[in-house]
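Chemist: I have a structure here, written as structure tokens, and I will follow up with some questions on it.
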Amino acid sequence: MDIMDKLKQGVCAINVVIEKSDIPTDEGLLASGILDSFGLIELIGFIESEFNFEMEDDEFTGDNFKDLTAVKAYVERKIA
Amino acid sequence: MSLAFVFPGQGEQKVGMGKDIYDAYPGKRFIFNNANEILNENIGNLCFKGNYDDLIDSRISGLATFLVSSLIYEIIKDLSLKPSGYAGYSLGQYTALYASGAFSFEQTLRLVNSRGNCLKKAAMANETGMLGVIGLSEEVIGKIVARVDKSYIANYNSPGNYSVSYDRSVRDMLFSEFEKENAMKITDIPVAGGWHSPFMKMAANMFREELFCQKIKLPHENFIENYTADQVKSTDRLKDNLYHHIYCPVKWHQSVRRLIELGIDTFVEVGFGNQLSKFIKYTNRKVKVLYTGTVGDLDKTIEILSKSS
């Protein structure tokens, strides 16, 4: 399973009413309502445990978390 | 489980806040009745049936926030828990000081009332407001407020989540600067002025005399206050910090970290909403948060706390 698949799986586990195939990769996670702010924390927790790293304080930025494409690029950088 | 009670500040008020809890726990209504009697006005009505414009008023929103937290605190108190730490966010510090034994109920109520009046007067003297920004680092926000005149970081909520106080003349410029830097969310905070910034120095000076003449006790040793994000060792220092706190930033995530350093692993947010719980989780994802803003959340929290005590 690639990184985007895993991220979508994480989103589905948090937002149980959304289908994996309906999750957009280029729309704002908070702005589009895919996740609320508690959901986004859960996603961060999911990423940390799934990819085995801890997010640094200065990494919680729009550049890294605005949408799933940004999150994927962030994870790739962290695990590289 | 090492518990801390944390108390929210203004900014999340809604008409009807706390009404479901007030109705479900008739034995605790005395909190509102006492407040109505002390201040000779019906705060309960403003909270439960008033209009939203009244609740934006800094004095009324402060009283409503304090009273709903106090109502919930009275209910939780019956569990006879022994919290190992206390903190409050902005105005919530007064509720935390009441809960941790520094102020009496009447004293807190009167202080919250006066503080609200002072803020209101200062807010009328300046055209100021606040923006909430999510998804920019402290460094980036710091550079923006250094560049944009008459803007200040007011609240350090959690890493990547800050509030900025501004003069109305620079609000749009700030908003577009945050957008340009790729902020995830920018919101106008529903408050009447630019709290916790030099715009409020006048309010602090107006409040100073009443604050400094209070007879107060030292709070619980692990009461962490927002101005220094640390414990307070004397009542004089506490008063001084509360004075500065009116026009200086709320160091919330630093306060949360200090409580965690002191061994806290579970935070109970005592009051309306769950904003502090979110800030805490963004600051540290390993600790547990429980919140109490609706009767459903409160009952769930009571069940968890009862099992663990």
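By convention here, the chains of the structure tokens are called A, B, ... in the order presented, each chain's residues are numbered starting at 1, and ligands are numbered starting at 1 in the order presented.
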Any chance you could tabulate, as a tab-separated table, the residues of region 183-233 of chain B at most 12 Å from region 18-38 of chain A with each one's nearest atom pair and distance in Å to one decimal, using only C-alpha atoms, in chain and rising number order?
Modeler:
residue	atom	partner	partner_atom	distance
B:Ala183	CA	A:Gly28	CA	10.7
B:Met184	CA	A:Leu30	CA	7.4
B:Lys185	CA	A:Ala31	CA	7.2
B:Ile186	CA	A:Ala31	CA	10.2
B:Thr187	CA	A:Ala31	CA	11.5
Chemist: Tell me as a PyMOL selection string which residues belonging to chain A come within 6 Å of chain B, counting only C-alpha atoms.
Modeler: chain A and resi 57-58+60-62+66
Chemist: Emit the selected residues as a compact mmCIF listing (two decimals), in the first residue's frame, including C-alpha atoms.
Modeler:
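Just written: again_29.txt:
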# COMPACT_ATOMS: atom_id res chain seq x y z
CA ASP A 57 6.39 21.77 16.65
CA ASP A 58 7.34 23.88 13.66
CA PHE A 60 2.39 21.80 11.79
CA THR A 61 2.01 24.21 8.90
CA GLY A 62 -0.21 24.68 5.87
CA LYS A 66 -3.12 21.82 3.86
Chemist: List the neighbours of region 210-221 of chain B out to 9 Å using only C-alpha atoms; skip same-chain residues closer than 4 positions along the sequence, and give me the result as an MDAnalysis selection string.
Modeler: chainID B and resid 84:86 96:104 107 111 114 206 231:236 238:240 242:243
Chemist: Please, could you write that set of residues out with N, CA, C and O atoms as a compact mmCIF listing (two decimals), in the first residue's frame?
Modeler:
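File selection22.txt, as written:
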# COMPACT_ATOMS: atom_id res chain seq x y z
N SER B 84 -3.95 17.33 40.49
CA SER B 84 -2.55 17.64 40.79
C SER B 84 -2.09 18.90 40.08
O SER B 84 -0.92 19.26 40.15
N GLY B 85 -2.99 19.54 39.33
CA GLY B 85 -2.62 20.77 38.65
C GLY B 85 -3.84 21.56 38.22
O GLY B 85 -4.94 21.00 38.08
N TYR B 86 -3.64 22.86 38.04
CA TYR B 86 -4.71 23.76 37.60
C TYR B 86 -4.14 24.78 36.63
O TYR B 86 -3.00 25.22 36.80
N ALA B 96 -9.81 29.17 37.53
CA ALA B 96 -8.83 28.22 38.07
C ALA B 96 -8.38 28.66 39.46
O ALA B 96 -8.18 27.82 40.35
N LEU B 97 -8.26 29.95 39.65
CA LEU B 97 -7.84 30.45 40.97
C LEU B 97 -8.94 30.25 42.00
O LEU B 97 -8.66 29.94 43.17
N TYR B 98 -10.18 30.40 41.56
CA TYR B 98 -11.32 30.11 42.45
C TYR B 98 -11.31 28.61 42.81
O TYR B 98 -11.37 28.24 43.99
N ALA B 99 -11.17 27.76 41.79
CA ALA B 99 -11.22 26.31 42.02
C ALA B 99 -10.03 25.83 42.85
O ALA B 99 -10.15 24.85 43.60
N SER B 100 -8.91 26.52 42.73
CA SER B 100 -7.73 26.03 43.46
C SER B 100 -7.52 26.78 44.77
O SER B 100 -6.47 26.66 45.40
N GLY B 101 -8.54 27.52 45.18
CA GLY B 101 -8.55 28.03 46.56
C GLY B 101 -7.98 29.42 46.79
O GLY B 101 -7.94 29.89 47.94
N ALA B 102 -7.58 30.14 45.73
CA ALA B 102 -6.98 31.47 45.96
C ALA B 102 -8.04 32.55 46.18
O ALA B 102 -7.85 33.46 46.99
N PHE B 103 -9.14 32.46 45.43
CA PHE B 103 -10.21 33.46 45.52
C PHE B 103 -11.50 32.79 46.00
O PHE B 103 -11.74 31.62 45.69
N SER B 104 -12.35 33.58 46.69
CA SER B 104 -13.71 33.09 46.99
C SER B 104 -14.56 33.26 45.73
O SER B 104 -14.17 33.97 44.79
N GLN B 107 -15.60 36.98 45.37
CA GLN B 107 -14.42 37.76 44.97
C GLN B 107 -14.13 37.57 43.47
O GLN B 107 -13.90 38.53 42.74
N LEU B 111 -14.33 40.34 40.53
CA LEU B 111 -13.12 40.63 39.74
C LEU B 111 -13.38 40.42 38.24
O LEU B 111 -12.96 41.22 37.41
N SER B 114 -15.41 43.34 37.01
CA SER B 114 -14.62 44.58 36.86
C SER B 114 -13.63 44.47 35.71
O SER B 114 -13.45 45.42 34.93
N MET B 206 -6.47 50.34 34.73
CA MET B 206 -7.76 50.63 35.38
C MET B 206 -8.10 49.54 36.41
O MET B 206 -8.70 49.80 37.43
N GLN B 231 4.69 28.08 37.94
CA GLN B 231 4.03 28.18 39.24
C GLN B 231 4.23 29.59 39.81
O GLN B 231 5.12 30.31 39.37
N VAL B 232 3.41 29.95 40.80
CA VAL B 232 3.61 31.23 41.48
C VAL B 232 3.94 30.97 42.94
O VAL B 232 3.35 30.10 43.57
N LYS B 233 4.89 31.71 43.44
CA LYS B 233 5.39 31.43 44.80
C LYS B 233 4.84 32.38 45.86
O LYS B 233 4.99 32.12 47.05
N SER B 234 4.24 33.50 45.44
CA SER B 234 3.69 34.43 46.45
C SER B 234 2.44 35.09 45.91
O SER B 234 2.26 35.19 44.67
N THR B 235 1.60 35.57 46.82
CA THR B 235 0.36 36.22 46.38
C THR B 235 0.67 37.56 45.70
O THR B 235 -0.04 37.97 44.78
N ASP B 236 1.72 38.23 46.13
CA ASP B 236 2.09 39.50 45.47
C ASP B 236 2.49 39.24 44.03
O ASP B 236 2.12 39.98 43.12
N LEU B 238 1.55 36.72 42.25
CA LEU B 238 0.34 36.31 41.53
C LEU B 238 -0.44 37.54 41.05
O LEU B 238 -0.83 37.62 39.88
N LYS B 239 -0.63 38.51 41.93
CA LYS B 239 -1.37 39.73 41.54
C LYS B 239 -0.64 40.45 40.41
O LYS B 239 -1.26 40.92 39.46
N ASP B 240 0.67 40.54 40.57
CA ASP B 240 1.47 41.22 39.56
C ASP B 240 1.34 40.52 38.19
O ASP B 240 1.18 41.17 37.16
N LEU B 242 -1.17 38.65 37.20
CA LEU B 242 -2.53 38.84 36.68
C LEU B 242 -2.67 40.22 36.04
O LEU B 242 -3.38 40.40 35.05
N TYR B 243 -1.99 41.19 36.61
CA TYR B 243 -1.99 42.55 36.05
C TYR B 243 -1.32 42.54 34.66
O TYR B 243 -1.90 43.00 33.67
Chemist: Just give me the gap between CA of Leu91 (chain B) and CA of Glu177 (chain B) in Å, one decimal is fine.
Modeler: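 It comes out at 29.1 Å.
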Chemist: Could you pull out the helix (DSSP H, G or I) residues of chain A, going by DSSP on the backbone, and write them as number ranges by chain?
Modeler: A: 3-14, 20-22, 37-51, 57-59, 62-65, 68-79
Chemist: With a distance cut-off of 6 Å and only C-alpha atoms, select the neighbouring residues of Thr128 (chain B), excluding the residue or stretch itself and same-chain residues fewer than 2 positions from it, and output the selection as an MDAnalysis selection string.
Modeler: chainID B and resid 126 166:168 193:194
Chemist: Which residues come within 10 Å of Val71 (chain A), counting only C-alpha atoms, excluding same-chain residues fewer than 5 positions away, as a list in words?
Modeler: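 Counting only C-alpha atoms, the residues come to Ile3, Met4, Leu7, Thr25, Leu29, Ile44, Ile47, Gly62, Asp63, Asn64, Phe65, Lys66, Glu76 and Arg77 of chain A.
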Chemist: Got a sec: who's within 10 Å of Phe66 (chain B), counting only C-alpha atoms, leaving out chain neighbours fewer than 4 positions off, as a PyMOL selection string?
Modeler: chain B and resi 7-10+60-62+70-71+91-96+98+108-109+112-113+271-272
